[in-house]
>>> print(open('final.cif').read())   # mmCIF, C-alpha atoms and all ligand atoms
data_input
#
loop_
_atom_site.group_PDB
_atom_site.id
_atom_site.type_symbol
_atom_site.label_atom_id
_atom_site.label_comp_id
_atom_site.auth_asym_id
_atom_site.auth_seq_id
_atom_site.Cartn_x
_atom_site.Cartn_y
_atom_site.Cartn_z
ATOM 1 C CA MET A 1 -100.515 -52.524 8.723
ATOM 2 C CA SER A 2 -97.082 -53.593 9.960
ATOM 3 C CA THR A 3 -97.650 -57.324 9.398
ATOM 4 C CA LYS A 4 -98.743 -56.899 5.774
ATOM 5 C CA HIS A 5 -96.424 -58.875 3.427
ATOM 6 C CA LEU A 6 -95.230 -61.216 6.221
ATOM 7 C CA PRO A 7 -93.664 -63.696 6.045
ATOM 8 C CA LEU A 8 -91.370 -62.024 3.520
ATOM 9 C CA PHE A 9 -88.443 -63.958 2.034
ATOM 10 C CA LEU A 10 -85.356 -62.041 0.842
ATOM 11 C CA GLU A 11 -82.042 -63.115 -0.647
ATOM 12 C CA GLY A 12 -78.875 -61.301 -1.663
ATOM 13 C CA GLU A 13 -75.132 -60.897 -1.284
ATOM 14 C CA VAL A 14 -73.689 -59.596 1.987
ATOM 15 C CA THR A 15 -72.146 -56.193 1.236
ATOM 16 C CA LYS A 16 -70.231 -53.503 3.129
ATOM 17 C CA GLY A 17 -72.101 -50.921 5.169
ATOM 18 C CA PHE A 18 -70.667 -48.080 7.227
ATOM 19 C CA GLY A 19 -68.883 -50.425 9.663
ATOM 20 C CA ARG A 20 -70.804 -49.060 12.647
ATOM 21 C CA GLY A 21 -72.625 -52.240 13.684
ATOM 22 C CA SER A 22 -69.606 -53.996 15.195
ATOM 23 C CA LYS A 23 -67.583 -50.904 16.085
ATOM 24 C CA ASP A 24 -70.187 -48.555 17.640
ATOM 25 C CA LEU A 25 -72.888 -50.987 18.708
ATOM 26 C CA GLY A 26 -71.152 -54.305 19.378
ATOM 27 C CA CYS A 27 -73.789 -55.787 17.115
ATOM 28 C CA PRO A 28 -72.680 -56.690 13.564
ATOM 29 C CA THR A 29 -75.347 -56.459 10.865
ATOM 30 C CA ALA A 30 -75.052 -58.145 7.461
ATOM 31 C CA ASN A 31 -76.121 -55.506 4.933
ATOM 32 C CA TYR A 32 -77.856 -56.186 1.609
ATOM 33 C CA PRO A 33 -77.033 -54.392 -1.659
ATOM 34 C CA LEU A 34 -79.284 -51.664 -3.040
ATOM 35 C CA GLU A 35 -81.058 -54.068 -5.453
ATOM 36 C CA VAL A 36 -82.579 -55.936 -2.510
ATOM 37 C CA VAL A 37 -83.687 -52.680 -0.873
ATOM 38 C CA GLN A 38 -85.264 -51.571 -4.158
ATOM 39 C CA SER A 39 -87.089 -54.900 -4.558
ATOM 40 C CA LEU A 40 -89.023 -54.488 -1.290
ATOM 41 C CA PRO A 41 -92.775 -53.963 -1.438
ATOM 42 C CA LYS A 42 -93.172 -50.173 -1.624
ATOM 43 C CA ASP A 43 -95.549 -50.101 1.348
ATOM 44 C CA LEU A 44 -93.461 -52.338 3.618
ATOM 45 C CA GLU A 45 -93.383 -50.724 7.068
ATOM 46 C CA PRO A 46 -89.844 -49.580 7.999
ATOM 47 C CA GLY A 47 -88.718 -50.801 11.410
ATOM 48 C CA VAL A 48 -87.288 -53.733 13.328
ATOM 49 C CA TYR A 49 -88.305 -57.273 12.366
ATOM 50 C CA TYR A 50 -87.460 -60.739 13.676
ATOM 51 C CA GLY A 51 -87.097 -63.920 11.722
ATOM 52 C CA TRP A 52 -84.717 -66.540 10.362
ATOM 53 C CA ALA A 53 -81.402 -66.265 8.529
ATOM 54 C CA GLN A 54 -79.211 -68.641 6.532
ATOM 55 C CA VAL A 55 -75.692 -67.832 5.257
ATOM 56 C CA ASP A 56 -74.850 -69.762 2.057
ATOM 57 C CA LYS A 57 -75.998 -73.348 2.607
ATOM 58 C CA GLY A 58 -75.479 -73.225 6.366
ATOM 59 C CA ASP A 59 -77.710 -73.695 9.373
ATOM 60 C CA ILE A 60 -80.779 -71.537 9.972
ATOM 61 C CA TYR A 61 -80.457 -69.135 12.903
ATOM 62 C CA LYS A 62 -82.639 -66.595 14.659
ATOM 63 C CA MET A 63 -82.177 -63.002 13.546
ATOM 64 C CA VAL A 64 -83.329 -59.420 13.999
ATOM 65 C CA ALA A 65 -83.375 -57.100 10.979
ATOM 66 C CA ASN A 66 -83.518 -53.330 10.757
ATOM 67 C CA ILE A 67 -85.172 -51.886 7.653
ATOM 68 C CA GLY A 68 -85.027 -48.136 7.149
ATOM 69 C CA TRP A 69 -82.874 -45.038 7.382
ATOM 70 C CA CYS A 70 -81.369 -45.379 10.882
ATOM 71 C CA PRO A 71 -82.581 -42.001 12.249
ATOM 72 C CA PHE A 72 -79.795 -42.068 14.862
ATOM 73 C CA TYR A 73 -77.242 -41.890 12.021
ATOM 74 C CA GLN A 74 -79.514 -40.129 9.497
ATOM 75 C CA ASN A 75 -78.577 -42.356 6.554
ATOM 76 C CA LYS A 76 -79.475 -40.969 3.134
ATOM 77 C CA GLN A 77 -80.323 -44.383 1.691
ATOM 78 C CA MET A 78 -82.710 -46.987 3.070
ATOM 79 C CA SER A 79 -80.944 -50.163 4.196
ATOM 80 C CA VAL A 80 -81.821 -53.731 5.137
ATOM 81 C CA GLU A 81 -79.446 -55.157 7.773
ATOM 82 C CA THR A 82 -79.590 -58.472 9.597
ATOM 83 C CA HIS A 83 -78.051 -59.324 12.955
ATOM 84 C CA ILE A 84 -77.841 -63.106 13.282
ATOM 85 C CA MET A 85 -78.022 -64.589 16.768
ATOM 86 C CA HIS A 86 -75.028 -66.838 16.300
ATOM 87 C CA LYS A 87 -71.303 -66.439 16.901
ATOM 88 C CA PHE A 88 -69.478 -66.757 13.568
ATOM 89 C CA ASP A 89 -65.727 -67.448 13.451
ATOM 90 C CA LYS A 90 -65.157 -64.869 10.735
ATOM 91 C CA ASP A 91 -66.832 -62.265 8.510
ATOM 92 C CA PHE A 92 -68.889 -63.484 5.560
ATOM 93 C CA TYR A 93 -68.915 -60.575 3.112
ATOM 94 C CA GLY A 94 -69.734 -61.852 -0.378
ATOM 95 C CA SER A 95 -71.824 -64.753 0.935
ATOM 96 C CA GLN A 96 -75.452 -65.315 -0.036
ATOM 97 C CA LEU A 97 -77.817 -64.453 2.774
ATOM 98 C CA LYS A 98 -81.394 -65.723 2.820
ATOM 99 C CA ILE A 99 -83.780 -64.316 5.392
ATOM 100 C CA ALA A 100 -87.432 -64.734 6.307
ATOM 101 C CA LEU A 101 -89.062 -61.750 7.995
ATOM 102 C CA VAL A 102 -91.554 -63.366 10.361
ATOM 103 C CA GLY A 103 -92.801 -60.618 12.675
ATOM 104 C CA TYR A 104 -92.625 -56.902 13.379
ATOM 105 C CA LEU A 105 -91.182 -55.573 16.668
ATOM 106 C CA ARG A 106 -91.276 -51.758 16.460
ATOM 107 C CA GLY A 107 -90.665 -48.705 14.321
ATOM 108 C CA GLU A 108 -87.186 -47.179 13.934
ATOM 109 C CA LYS A 109 -86.484 -44.489 16.510
ATOM 110 C CA ASN A 110 -83.962 -41.781 17.245
ATOM 111 C CA PHE A 111 -82.182 -41.974 20.599
ATOM 112 C CA ASN A 112 -80.477 -39.446 22.867
ATOM 113 C CA SER A 113 -77.362 -41.555 23.227
ATOM 114 C CA LEU A 114 -75.556 -44.507 21.717
ATOM 115 C CA ASP A 115 -76.187 -46.404 24.965
ATOM 116 C CA ASP A 116 -79.937 -45.988 24.549
ATOM 117 C CA LEU A 117 -79.734 -47.403 21.000
ATOM 118 C CA ILE A 118 -77.599 -50.323 22.220
ATOM 119 C CA ASN A 119 -80.100 -51.101 24.992
ATOM 120 C CA ALA A 120 -83.036 -50.975 22.562
ATOM 121 C CA ILE A 121 -81.248 -53.463 20.290
ATOM 122 C CA LYS A 122 -80.600 -55.789 23.272
ATOM 123 C CA GLN A 123 -84.301 -55.666 24.117
ATOM 124 C CA ASP A 124 -85.201 -56.377 20.454
ATOM 125 C CA ILE A 125 -82.952 -59.442 20.508
ATOM 126 C CA ALA A 126 -84.597 -60.728 23.714
ATOM 127 C CA ASN A 127 -88.085 -60.165 22.257
ATOM 128 C CA ALA A 128 -87.112 -61.908 19.016
ATOM 129 C CA GLU A 129 -85.623 -64.914 20.844
ATOM 130 C CA LYS A 130 -88.952 -65.406 22.590
ATOM 131 C CA SER A 131 -91.292 -64.810 19.635
ATOM 132 C CA LEU A 132 -89.317 -67.209 17.439
ATOM 133 C CA GLU A 133 -90.080 -70.074 19.848
ATOM 134 C CA GLN A 134 -93.778 -69.878 18.882
ATOM 135 C CA PRO A 135 -95.001 -72.742 16.632
ATOM 136 C CA GLU A 136 -96.043 -70.368 13.808
ATOM 137 C CA ALA A 137 -92.500 -68.982 13.702
ATOM 138 C CA GLN A 138 -90.949 -72.459 13.857
ATOM 139 C CA ASN A 139 -93.066 -73.481 10.827
ATOM 140 C CA ILE A 140 -91.471 -70.731 8.758
ATOM 141 C CA LYS A 141 -87.995 -71.987 9.710
ATOM 142 C CA ASN A 142 -89.002 -75.266 8.041
ATOM 143 C CA ASN A 143 -90.157 -73.557 4.828
ATOM 144 C CA LYS A 144 -88.717 -75.094 1.670
ATOM 145 C CA TYR A 145 -87.264 -71.675 0.834
ATOM 146 C CA PHE A 146 -84.265 -72.643 2.988
ATOM 147 C CA ASP A 147 -83.743 -76.056 1.302
ATOM 148 C CA TYR A 148 -80.829 -76.630 -1.080
HETATM 149 C C1 LIG B 201 -82.280 -54.899 16.098
HETATM 150 C C2 LIG B 201 -81.843 -53.572 15.565
HETATM 151 C C3 LIG B 201 -82.583 -52.445 15.846
HETATM 152 C C4 LIG B 201 -82.187 -51.186 15.376
HETATM 153 N N1 LIG B 201 -82.937 -50.091 15.684
HETATM 154 C C5 LIG B 201 -82.539 -48.869 15.262
HETATM 155 C C6 LIG B 201 -83.298 -47.686 15.591
HETATM 156 O O1 LIG B 201 -84.336 -47.740 16.259
HETATM 157 N N2 LIG B 201 -82.829 -46.490 15.156
HETATM 158 C C7 LIG B 201 -81.688 -46.373 14.413
HETATM 159 O O2 LIG B 201 -81.318 -45.273 14.069
HETATM 160 N N3 LIG B 201 -80.966 -47.486 14.053
HETATM 161 C C8 LIG B 201 -81.358 -48.709 14.471
HETATM 162 N N4 LIG B 201 -80.637 -49.820 14.134
HETATM 163 C C9 LIG B 201 -79.599 -49.698 13.097
HETATM 164 C C10 LIG B 201 -78.233 -49.377 13.588
HETATM 165 O O3 LIG B 201 -78.129 -47.984 13.661
HETATM 166 C C11 LIG B 201 -77.337 -49.963 12.504
HETATM 167 O O4 LIG B 201 -77.349 -51.349 12.663
HETATM 168 C C12 LIG B 201 -75.952 -49.418 12.533
HETATM 169 O O5 LIG B 201 -75.987 -48.115 12.034
HETATM 170 C C13 LIG B 201 -74.978 -50.276 11.728
HETATM 171 O O6 LIG B 201 -74.966 -49.907 10.392
HETATM 172 P P1 LIG B 201 -73.896 -50.480 9.376
HETATM 173 O O7 LIG B 201 -74.174 -51.912 9.117
HETATM 174 O O8 LIG B 201 -74.068 -49.659 8.123
HETATM 175 O O9 LIG B 201 -72.530 -50.283 9.956
HETATM 176 C C14 LIG B 201 -81.009 -51.081 14.594
HETATM 177 C C15 LIG B 201 -80.259 -52.231 14.303
HETATM 178 C C16 LIG B 201 -80.656 -53.458 14.779
HETATM 179 C C17 LIG B 201 -79.819 -54.665 14.479
HETATM 180 N N1 LIG B 202 -73.731 -62.617 13.988
HETATM 181 C C1 LIG B 202 -73.533 -61.850 12.913
HETATM 182 N N2 LIG B 202 -74.561 -61.230 12.290
HETATM 183 C C2 LIG B 202 -74.349 -60.457 11.212
HETATM 184 N N3 LIG B 202 -73.131 -60.225 10.661
HETATM 185 C C3 LIG B 202 -72.051 -60.812 11.232
HETATM 186 C C4 LIG B 202 -72.208 -61.647 12.382
HETATM 187 N N4 LIG B 202 -70.975 -62.099 12.739
HETATM 188 C C5 LIG B 202 -70.094 -61.590 11.877
HETATM 189 N N5 LIG B 202 -70.720 -60.805 10.945
HETATM 190 C C6 LIG B 202 -70.008 -60.093 9.870
HETATM 191 O O1 LIG B 202 -69.991 -58.707 10.242
HETATM 192 C C7 LIG B 202 -70.409 -57.909 9.122
HETATM 193 C C8 LIG B 202 -71.207 -56.705 9.581
HETATM 194 O O2 LIG B 202 -70.531 -55.863 10.488
HETATM 195 P P1 LIG B 202 -70.883 -54.324 10.496
HETATM 196 O O3 LIG B 202 -70.061 -53.737 11.588
HETATM 197 O O4 LIG B 202 -72.360 -54.133 10.533
HETATM 198 O O5 LIG B 202 -70.290 -53.817 9.142
HETATM 199 P P2 LIG B 202 -70.989 -53.274 7.805
HETATM 200 O O6 LIG B 202 -71.223 -51.832 8.054
HETATM 201 O O7 LIG B 202 -69.987 -53.513 6.709
HETATM 202 O O8 LIG B 202 -72.266 -54.015 7.613
HETATM 203 C C9 LIG B 202 -71.287 -58.815 8.276
HETATM 204 O O9 LIG B 202 -71.273 -58.429 6.913
HETATM 205 C C10 LIG B 202 -70.654 -60.188 8.482
HETATM 206 O O10 LIG B 202 -69.643 -60.419 7.507
HETATM 207 MG MG MG B 203 -73.894 -53.830 8.957
#
>>> encode(input="final.cif", output="structure tokens")
Amino acid sequence: MSTKHLPLFLEGEVTKGFGRGSKDLGCPTANYPLEVVQSLPKDLEPGVYYGWAQVDKGDIYKMVANIGWCPFYQNKQMSVETHIMHKFDKDFYGSQLKIALVGYLRGEKNFNSLDDLINAIKQDIANAEKSLEQPEAQNIKNNKYFDY
């Protein structure tokens, strides 16, 4: 079941990926190191999730996260990447990123074109924005996990 393990709280350092998020997709994703990927429940459903994100001790923002192998790019290694719905002034590689996976949107897909992938991501962001307004999602934003 795709909602098994949710909400799931993850933490780790923001590391370098392939640099495609900003360049190809106009959608930067903060990537986790391999240790975080390896710590996931083995039967966690790959796919696109929505939830909350906090960089270092900052504010808590809405996010969408992709967990899997990116079939469009055919990555060899599974990755966990988070796009935060907030405009940051600069990159934050090396920062601590805490996330809460709250809900599941869809499975990862391959696409015929980059434009199709970009449009799917835009739709994911719109769906996440809406779902995160629900009271059950708001409760998770207030979880003590995000307190410092
Ligand atoms: C909301 C969201 C949905 C995504 N959905 C897919 C998908 O269905 N298929 C896919 O191949 N990649 C998907 N991706 C992953 C992108 O391919 C990935 O973010 C891109 O390769 C950037 O990787 P990088 O951080 O290593 O540069 C998605 C990313 C986001 C943020
Ligand atoms: N709103 C945002 N969400 C996620 N990352 C962001 C955001 N704004 C800036 N960034 C920065 O962009 C980087 C990700 O860009 P991306 O093109 O996906 O490169 P990489 O392949 O190295 O992950 C993040 O590590 C972070 O430092
Ligand atoms: Mg990235």
>>> residues_near_ligand(input="final.cif", ligand="ligand LIG 201 (chain B)", cutoff="8 Å", atoms="all atoms listed in the file", output="VMD selection string")
chain A and resid 16 to 25 27 to 31 47 to 49 64 to 66 69 to 74 79 81 to 83 107 to 111 117 120 to 122 124 to 125
>>> atom_distance(input="final.cif", atom1="atom CA of A:Thr3", atom2="atom CA of A:Gly103")
6.7 Å
>>> residues_around(input="final.cif", residues="A:Phe92", least_positions_apart="5", cutoff="10 Å", atoms="all atoms listed in the file", output="ChimeraX atom specification")
/A:13-15,30,55-56,97
>>> atom_distance(input="final.cif", atom1="atom CA of A:Gln134", atom2="atom CA of A:Leu8")
17.4 Å
>>> residues_around(input="final.cif", residues="A:Gly51", least_positions_apart="5", cutoff="10 Å", atoms="all atoms listed in the file", output="PyMOL selection string")
chain A and resi 7-9+61-65+82+84+99-104+128-129+131-132+137-138+140-141
>>> write_last_selection(input="final.cif", atoms="C-alpha atoms", output="mmCIF file, keeping the file's coordinate frame")
data_model
loop_
_atom_site.group_PDB
_atom_site.id
_atom_site.type_symbol
_atom_site.label_atom_id
_atom_site.label_comp_id
_atom_site.auth_asym_id
_atom_site.auth_seq_id
_atom_site.Cartn_x
_atom_site.Cartn_y
_atom_site.Cartn_z
ATOM 1 C CA PRO A 7 -93.664 -63.696 6.045
ATOM 2 C CA LEU A 8 -91.370 -62.024 3.520
ATOM 3 C CA PHE A 9 -88.443 -63.958 2.034
ATOM 4 C CA TYR A 61 -80.457 -69.135 12.903
ATOM 5 C CA LYS A 62 -82.639 -66.595 14.659
ATOM 6 C CA MET A 63 -82.177 -63.002 13.546
ATOM 7 C CA VAL A 64 -83.329 -59.420 13.999
ATOM 8 C CA ALA A 65 -83.375 -57.100 10.979
ATOM 9 C CA THR A 82 -79.590 -58.472 9.597
ATOM 10 C CA ILE A 84 -77.841 -63.106 13.282
ATOM 11 C CA ILE A 99 -83.780 -64.316 5.392
ATOM 12 C CA ALA A 100 -87.432 -64.734 6.307
ATOM 13 C CA LEU A 101 -89.062 -61.750 7.995
ATOM 14 C CA VAL A 102 -91.554 -63.366 10.361
ATOM 15 C CA GLY A 103 -92.801 -60.618 12.675
ATOM 16 C CA TYR A 104 -92.625 -56.902 13.379
ATOM 17 C CA ALA A 128 -87.112 -61.908 19.016
ATOM 18 C CA GLU A 129 -85.623 -64.914 20.844
ATOM 19 C CA SER A 131 -91.292 -64.810 19.635
ATOM 20 C CA LEU A 132 -89.317 -67.209 17.439
ATOM 21 C CA ALA A 137 -92.500 -68.982 13.702
ATOM 22 C CA GLN A 138 -90.949 -72.459 13.857
ATOM 23 C CA ILE A 140 -91.471 -70.731 8.758
ATOM 24 C CA LYS A 141 -87.995 -71.987 9.710
#
>>> atom_distance(input="final.cif", atom1="atom CA of A:Gly26", atom2="atom CA of A:Ile118")
8.1 Å
>>> closest_residue(input="final.cif", among="A:Leu6, A:Lys57, A:Asp115, A:Val80", to="ligand MG 203 (chain B)", atoms="all atoms listed in the file")
A:Val80
>>> closest_residue(input="final.cif", among="A:Asn139, A:Gln96, A:Asn119, A:Ser113", to="ligand LIG 202 (chain B)", atoms="all atoms listed in the file")
A:Gln96
>>> closest_residue(input="final.cif", among="A:Asp59, A:Glu11, A:Glu35, A:Asp91", to="ligand MG 203 (chain B)", atoms="all atoms listed in the file")
A:Asp91
>>> closest_residue(input="final.cif", among="A:Val36, A:Met85, A:Ala53, A:Met1", to="ligand LIG 202 (chain B)", atoms="all atoms listed in the file")
A:Met85
>>> closest_residue(input="final.cif", among="A:Tyr93, A:Gln77, A:Ser39, A:Asn142", to="ligand MG 203 (chain B)", atoms="only C-alpha atoms and all ligand atoms")
A:Tyr93
>>> closest_residue(input="final.cif", among="A:Tyr32, A:Leu105, A:Lys87, A:Asp116", to="ligand LIG 202 (chain B)", atoms="all atoms listed in the file")
A:Lys87
>>> build_atoms(input="final.cif", residues="stretch 115-145 of chain A", atoms="N, CA and C atoms", output="PDB file, in the coordinates of the input")
ATOM      1  N   ASP A 115     -75.803 -45.390  23.970  1.00  0.00           N
ATOM      2  CA  ASP A 115     -76.187 -46.404  24.965  1.00  0.00           C
ATOM      3  C   ASP A 115     -77.663 -46.753  24.879  1.00  0.00           C
ATOM      4  N   ASP A 116     -78.498 -45.741  24.655  1.00  0.00           N
ATOM      5  CA  ASP A 116     -79.937 -45.988  24.549  1.00  0.00           C
ATOM      6  C   ASP A 116     -80.244 -46.860  23.324  1.00  0.00           C
ATOM      7  N   LEU A 117     -79.548 -46.591  22.209  1.00  0.00           N
ATOM      8  CA  LEU A 117     -79.734 -47.403  21.000  1.00  0.00           C
ATOM      9  C   LEU A 117     -79.287 -48.842  21.269  1.00  0.00           C
ATOM     10  N   ILE A 118     -78.130 -48.986  21.919  1.00  0.00           N
ATOM     11  CA  ILE A 118     -77.599 -50.323  22.220  1.00  0.00           C
ATOM     12  C   ILE A 118     -78.582 -51.096  23.106  1.00  0.00           C
ATOM     13  N   ASN A 119     -79.147 -50.426  24.097  1.00  0.00           N
ATOM     14  CA  ASN A 119     -80.100 -51.101  24.992  1.00  0.00           C
ATOM     15  C   ASN A 119     -81.381 -51.493  24.269  1.00  0.00           C
ATOM     16  N   ALA A 120     -81.839 -50.640  23.345  1.00  0.00           N
ATOM     17  CA  ALA A 120     -83.036 -50.975  22.562  1.00  0.00           C
ATOM     18  C   ALA A 120     -82.779 -52.216  21.718  1.00  0.00           C
ATOM     19  N   ILE A 121     -81.588 -52.300  21.123  1.00  0.00           N
ATOM     20  CA  ILE A 121     -81.248 -53.463  20.290  1.00  0.00           C
ATOM     21  C   ILE A 121     -81.201 -54.728  21.155  1.00  0.00           C
ATOM     22  N   LYS A 122     -80.646 -54.620  22.365  1.00  0.00           N
ATOM     23  CA  LYS A 122     -80.600 -55.789  23.272  1.00  0.00           C
ATOM     24  C   LYS A 122     -82.010 -56.272  23.590  1.00  0.00           C
ATOM     25  N   GLN A 123     -82.911 -55.313  23.821  1.00  0.00           N
ATOM     26  CA  GLN A 123     -84.301 -55.666  24.117  1.00  0.00           C
ATOM     27  C   GLN A 123     -84.957 -56.324  22.898  1.00  0.00           C
ATOM     28  N   ASP A 124     -84.672 -55.783  21.695  1.00  0.00           N
ATOM     29  CA  ASP A 124     -85.201 -56.377  20.454  1.00  0.00           C
ATOM     30  C   ASP A 124     -84.758 -57.832  20.335  1.00  0.00           C
ATOM     31  N   ILE A 125     -83.482 -58.082  20.636  1.00  0.00           N
ATOM     32  CA  ILE A 125     -82.952 -59.442  20.508  1.00  0.00           C
ATOM     33  C   ILE A 125     -83.679 -60.374  21.486  1.00  0.00           C
ATOM     34  N   ALA A 126     -83.887 -59.906  22.717  1.00  0.00           N
ATOM     35  CA  ALA A 126     -84.597 -60.728  23.714  1.00  0.00           C
ATOM     36  C   ALA A 126     -86.034 -61.002  23.260  1.00  0.00           C
ATOM     37  N   ASN A 127     -86.713 -59.982  22.737  1.00  0.00           N
ATOM     38  CA  ASN A 127     -88.085 -60.165  22.257  1.00  0.00           C
ATOM     39  C   ASN A 127     -88.135 -61.147  21.088  1.00  0.00           C
ATOM     40  N   ALA A 128     -87.153 -61.023  20.186  1.00  0.00           N
ATOM     41  CA  ALA A 128     -87.112 -61.908  19.016  1.00  0.00           C
ATOM     42  C   ALA A 128     -86.877 -63.352  19.440  1.00  0.00           C
ATOM     43  N   GLU A 129     -85.928 -63.556  20.350  1.00  0.00           N
ATOM     44  CA  GLU A 129     -85.623 -64.914  20.844  1.00  0.00           C
ATOM     45  C   GLU A 129     -86.909 -65.602  21.301  1.00  0.00           C
ATOM     46  N   LYS A 130     -87.723 -64.857  22.017  1.00  0.00           N
ATOM     47  CA  LYS A 130     -88.952 -65.406  22.590  1.00  0.00           C
ATOM     48  C   LYS A 130     -90.011 -65.668  21.507  1.00  0.00           C
ATOM     49  N   SER A 131     -90.247 -64.673  20.661  1.00  0.00           N
ATOM     50  CA  SER A 131     -91.292 -64.810  19.635  1.00  0.00           C
ATOM     51  C   SER A 131     -90.988 -65.949  18.672  1.00  0.00           C
ATOM     52  N   LEU A 132     -89.694 -66.179  18.408  1.00  0.00           N
ATOM     53  CA  LEU A 132     -89.317 -67.209  17.439  1.00  0.00           C
ATOM     54  C   LEU A 132     -89.492 -68.628  17.981  1.00  0.00           C
ATOM     55  N   GLU A 133     -89.781 -68.757  19.280  1.00  0.00           N
ATOM     56  CA  GLU A 133     -90.080 -70.074  19.848  1.00  0.00           C
ATOM     57  C   GLU A 133     -91.526 -70.496  19.561  1.00  0.00           C
ATOM     58  N   GLN A 134     -92.366 -69.565  19.147  1.00  0.00           N
ATOM     59  CA  GLN A 134     -93.778 -69.878  18.882  1.00  0.00           C
ATOM     60  C   GLN A 134     -93.890 -70.833  17.681  1.00  0.00           C
ATOM     61  N   PRO A 135     -94.859 -71.759  17.713  1.00  0.00           N
ATOM     62  CA  PRO A 135     -95.001 -72.742  16.632  1.00  0.00           C
ATOM     63  C   PRO A 135     -95.140 -72.110  15.238  1.00  0.00           C
ATOM     64  N   GLU A 136     -95.862 -70.992  15.141  1.00  0.00           N
ATOM     65  CA  GLU A 136     -96.043 -70.368  13.808  1.00  0.00           C
ATOM     66  C   GLU A 136     -94.704 -69.902  13.256  1.00  0.00           C
ATOM     67  N   ALA A 137     -93.829 -69.428  14.134  1.00  0.00           N
ATOM     68  CA  ALA A 137     -92.500 -68.982  13.702  1.00  0.00           C
ATOM     69  C   ALA A 137     -91.629 -70.180  13.337  1.00  0.00           C
ATOM     70  N   GLN A 138     -91.735 -71.248  14.132  1.00  0.00           N
ATOM     71  CA  GLN A 138     -90.949 -72.459  13.857  1.00  0.00           C
ATOM     72  C   GLN A 138     -91.326 -73.045  12.492  1.00  0.00           C
ATOM     73  N   ASN A 139     -92.618 -72.977  12.130  1.00  0.00           N
ATOM     74  CA  ASN A 139     -93.066 -73.481  10.827  1.00  0.00           C
ATOM     75  C   ASN A 139     -92.339 -72.787   9.689  1.00  0.00           C
ATOM     76  N   ILE A 140     -92.108 -71.491   9.840  1.00  0.00           N
ATOM     77  CA  ILE A 140     -91.471 -70.731   8.758  1.00  0.00           C
ATOM     78  C   ILE A 140     -89.996 -71.116   8.629  1.00  0.00           C
ATOM     79  N   LYS A 141     -89.379 -71.487   9.766  1.00  0.00           N
ATOM     80  CA  LYS A 141     -87.995 -71.987   9.710  1.00  0.00           C
ATOM     81  C   LYS A 141     -87.912 -73.226   8.818  1.00  0.00           C
ATOM     82  N   ASN A 142     -88.989 -74.023   8.824  1.00  0.00           N
ATOM     83  CA  ASN A 142     -89.002 -75.266   8.041  1.00  0.00           C
ATOM     84  C   ASN A 142     -89.468 -75.072   6.604  1.00  0.00           C
ATOM     85  N   ASN A 143     -89.684 -73.827   6.192  1.00  0.00           N
ATOM     86  CA  ASN A 143     -90.157 -73.557   4.828  1.00  0.00           C
ATOM     87  C   ASN A 143     -89.136 -74.047   3.806  1.00  0.00           C
ATOM     88  N   LYS A 144     -89.628 -74.545   2.677  1.00  0.00           N
ATOM     89  CA  LYS A 144     -88.717 -75.094   1.670  1.00  0.00           C
ATOM     90  C   LYS A 144     -87.809 -74.022   1.057  1.00  0.00           C
ATOM     91  N   TYR A 145     -88.120 -72.774   1.287  1.00  0.00           N
ATOM     92  CA  TYR A 145     -87.264 -71.675   0.834  1.00  0.00           C
ATOM     93  C   TYR A 145     -85.812 -71.880   1.269  1.00  0.00           C
TER      94      TYR A 145
END
